[in-house]
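Heads up, the thing below is written out as structure tokens.
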Amino acid sequence: MTITPEFIEKLRDRISLSSIIGKRVKLTKRGNRFIGLCPFHSEKTPSFNVNDDEGFFYCFGCGASGDVINYVRETSGLSFVESVQELADIAGIPMPEFRPQDSAKKERNVTLLSCFETAAEFFQKSLKSDQGRKALNYLIQRGLTESIIEEFRLGYAPRVGLHQYLQNKGYVEEVSKLAGLTSISERDGQKYDYFRERVIFPIENRKGQVIAFGARAMGDSKPKYLNSPESPSFSKKAVLYGWPQARERVKRNLPLLLVEGYMDVISVTASKKAAALAPLGTALTEEQISLAWKLHDEPILCFDGDVAGRNAANKAIEKILPILEPGKTVRIATLPDGSDPDDLIRHQGAEGLMHIIDSASSLLDATWSGKANSHDLVQPEQRALFWQEIRKLVRTIAHNQMRVAFGDEIERRIQKMRDMTRRNEALSVYNFNSGLRVNVRRPRTGSIRRMQILLGLLISFPQIAIDKFDVLSTLEFGDLDCEKLKNHLFDVLFRESDLDEKEIRQHLYNLGYEKTLRQIDGMLSDLSLKNHKAGIELDEAKLKVDEIISLSLAPRRR
């Protein structure tokens, strides 16, 4: 049996150190590490530190240190191979079988990594040459500084040159071809470089070693983006772009975003407001989600603000739910229509990015709204279908406690939806049977201002909107924008009754009500009523809402 470094790395990727140590030691989270009483010596004050990001433990009291294999060996008295076997069983990974070619395979992998590193150096030099001037200008025009270009080791692939460069460095045809850097034309048998006239994005593993490349076309060449083919050192589904750079930022307590593209990762990193990772042109996989959790307990999905991006986010949620565990989750950010993180930062700067991060939804809220938005919840059969689908998603959660916690919250929301539906239906039946009609009338100009104030209070204090849904739903707000905003406000609350003011505003902002919200805020500000910031309390807001409703329903003087 030959246990290779690749197998050990795979084992460490699958198992968090804290989950193994936590079976015997009570660990407490402190920032990006855990602390507890050392299992190797007697102590009353915790000095034992566990770092999942690095896969390393250290005791400041007795000096014990090591990785997960060291820990199992020391605490269980097992040999190295026995410790690896135990961990492999926990991870569900079959142990490697002995093969005579293992030594040759190891040597080949070392050569491959060296070949990738040499190619990266060639691409970096080419970017700074006359041939790469167009590519360098493109990157500068995209707002990238020299330091960020250097940090991500960006480069340029000229039409020819890499094949000869690798040969001159001693790499035989078989190696460069296995690395996916060169190939042979089926048409005329000529050798050619795989990447040609493209901006190059080196893809690194967790150790910072180059294992593949991504490339962007400079002209109209298709495809626009091209990745290295899979090789012995590179599997797309198990790698996230930007790992070494993200690790350094997360250590500084920056939030971690999961984005879609290379430029999104680089732009977010350059903003100095967050770290970022991206899958490599494929849907987010379970392996990649687990990798992201090794850096951050709550990464934020920040996919493109188009139909494809929203669909990708919904699919990612369905991948995340089954592998949820206590303390590990995600949030979901919503970008303006048609934009990606790179666009957002270029047009709105770092503050625009922070606004998106701050307004990101919880996983449960995003799961609920993602399903709710695809159903017409006014229709009873659609409500029933929605409830069925959301419950089915909850049942996919493998961890029992997480499944119960999510299920309880989902059932509470379904019950609230039922209650609101019954209240609305009861009001409709009463009005029909009694022949009564609430005195709704089109407000005059002064009354429109009053209605804008009412909307502002309902947004600031959504509980008032829910409590007074019956009468508010019958009022006509006169102004078309206010009428539409009112309807969307109740639609948002009907779907997600627990949203706070910031979350409601983000929903309405995404629906295109930015101008109307500014008008409303101006109205509240003029009256010194601008929500909690001006000191207005819930009871005062209720009185103001009741006053406006009374004025709106009062008979008009002739």
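Simple scheme: letters A, B, ... for chains in structure tokens order, numbers from 1 for residues in each chain, numbers from 1 for ligands in the order shown.
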
Exercise. For A:Glu151, please output as number ranges by chain all residues within 12 Å (counting only C-alpha atoms; exclusion window: fewer than 4 positions along the same chain).
Key: A: 124, 144-147, 155, 201-202, 204, 208, 242, 244-246, 248, 266, 269-270

Quiz item: Using the chain letters and numbers from this document, which residues of stretch 289-470 of chain A does DSSP assign to strand (DSSP E or B), as a count of residues only?
Solution: 8

Quiz item: What lies within 10 Å of A:Ile20 using only C-alpha atoms, ignoring chain neighbours under 2 positions off, as a PyMOL selection string?
Solution: chain A and resi 15-18+22-25+68+71-72+87+90

Quiz item: Excluding same-chain residues fewer than 4 positions from stretch 387-404 of chain A, what lies within 10 Å of it counting only C-alpha atoms, as JSON, numbers by chain?
Solution: {"A": [317, 318, 319, 320, 321, 322, 323, 324, 325, 326, 327, 364, 367, 368, 369, 370, 371, 372, 381, 382, 383, 408, 409, 410, 411, 414]}

Create the file for the chosen residues now, containing C-alpha atoms and written as a PDB file, in the first residue's frame.
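This went into part-v1.pdb:
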ATOM      1  CA  ILE A 317     -29.122  26.132  -2.551  1.00  0.00           C
ATOM      2  CA  GLU A 318     -30.424  22.672  -3.432  1.00  0.00           C
ATOM      3  CA  LYS A 319     -26.831  21.370  -3.320  1.00  0.00           C
ATOM      4  CA  ILE A 320     -26.105  23.079   0.014  1.00  0.00           C
ATOM      5  CA  LEU A 321     -29.180  21.951   1.973  1.00  0.00           C
ATOM      6  CA  PRO A 322     -28.302  18.219   2.067  1.00  0.00           C
ATOM      7  CA  ILE A 323     -24.830  18.888   3.517  1.00  0.00           C
ATOM      8  CA  LEU A 324     -25.778  21.580   6.058  1.00  0.00           C
ATOM      9  CA  GLU A 325     -24.428  21.137   9.536  1.00  0.00           C
ATOM     10  CA  PRO A 326     -24.596  23.262  12.707  1.00  0.00           C
ATOM     11  CA  GLY A 327     -22.479  26.376  12.347  1.00  0.00           C
ATOM     12  CA  LEU A 364     -33.728  29.908   4.905  1.00  0.00           C
ATOM     13  CA  THR A 367     -34.923  28.993   0.059  1.00  0.00           C
ATOM     14  CA  TRP A 368     -38.409  30.243   0.915  1.00  0.00           C
ATOM     15  CA  SER A 369     -38.470  33.159  -1.537  1.00  0.00           C
ATOM     16  CA  GLY A 370     -36.781  31.157  -4.315  1.00  0.00           C
ATOM     17  CA  LYS A 371     -39.671  28.690  -4.308  1.00  0.00           C
ATOM     18  CA  ALA A 372     -42.386  31.254  -3.529  1.00  0.00           C
ATOM     19  CA  GLU A 381     -53.606  25.013  -5.634  1.00  0.00           C
ATOM     20  CA  GLN A 382     -50.391  26.955  -6.188  1.00  0.00           C
ATOM     21  CA  ARG A 383     -50.028  27.565  -2.446  1.00  0.00           C
ATOM     22  CA  ASP A 408     -40.027  24.096  12.376  1.00  0.00           C
ATOM     23  CA  GLU A 409     -39.380  27.525  10.854  1.00  0.00           C
ATOM     24  CA  ILE A 410     -40.921  26.566   7.510  1.00  0.00           C
ATOM     25  CA  GLU A 411     -44.072  25.255   9.239  1.00  0.00           C
ATOM     26  CA  ILE A 414     -46.765  28.313   6.330  1.00  0.00           C
TER      27      ILE A 414
END

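Residues lying within 12 Å of A:Arg108, counting only C-alpha atoms and ignoring same-chain neighbours fewer than 5 positions away, are Gln101, Asp102, Ser103, Leu113, Ser114, Cys115, Tyr171, Val172, Glu174, Val175, Ser176, Leu178, Ala179, Ser231, Pro232 and Ser233 of chain A.
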
Selection above as a file: C-alpha atoms, as a CSV table (one decimal), in the first residue's frame:
chain,number,residue,atom,x,y,z
A,101,GLN,CA,3.7,2.3,-10.8
A,102,ASP,CA,2.9,4.6,-7.8
A,103,SER,CA,6.4,5.9,-7.6
A,113,LEU,CA,3.4,20.9,-11.4
A,114,SER,CA,6.8,22.1,-12.5
A,115,CYS,CA,5.6,22.3,-16.1
A,171,TYR,CA,9.7,19.3,-20.9
A,172,VAL,CA,9.0,16.5,-23.3
A,174,GLU,CA,4.2,13.9,-23.5
A,175,VAL,CA,4.3,16.2,-20.3
A,176,SER,CA,3.1,19.4,-22.0
A,178,LEU,CA,-0.7,15.8,-20.5
A,179,ALA,CA,-0.8,19.2,-18.8
A,231,SER,CA,-5.4,16.3,-15.8
A,232,PRO,CA,-3.9,14.2,-13.0
A,233,SER,CA,-3.5,17.4,-10.9

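Proximity to A:Leu154 was assessed for A:Asp53, A:Tyr262, A:Asn253, A:Gln131 counting only C-alpha atoms; the smallest distance is recorded for A:Tyr262.
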
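Rounded to one decimal, atom CA of A:Ala283 and atom CA of A:Gly180 lie 22.1 Å from each other.
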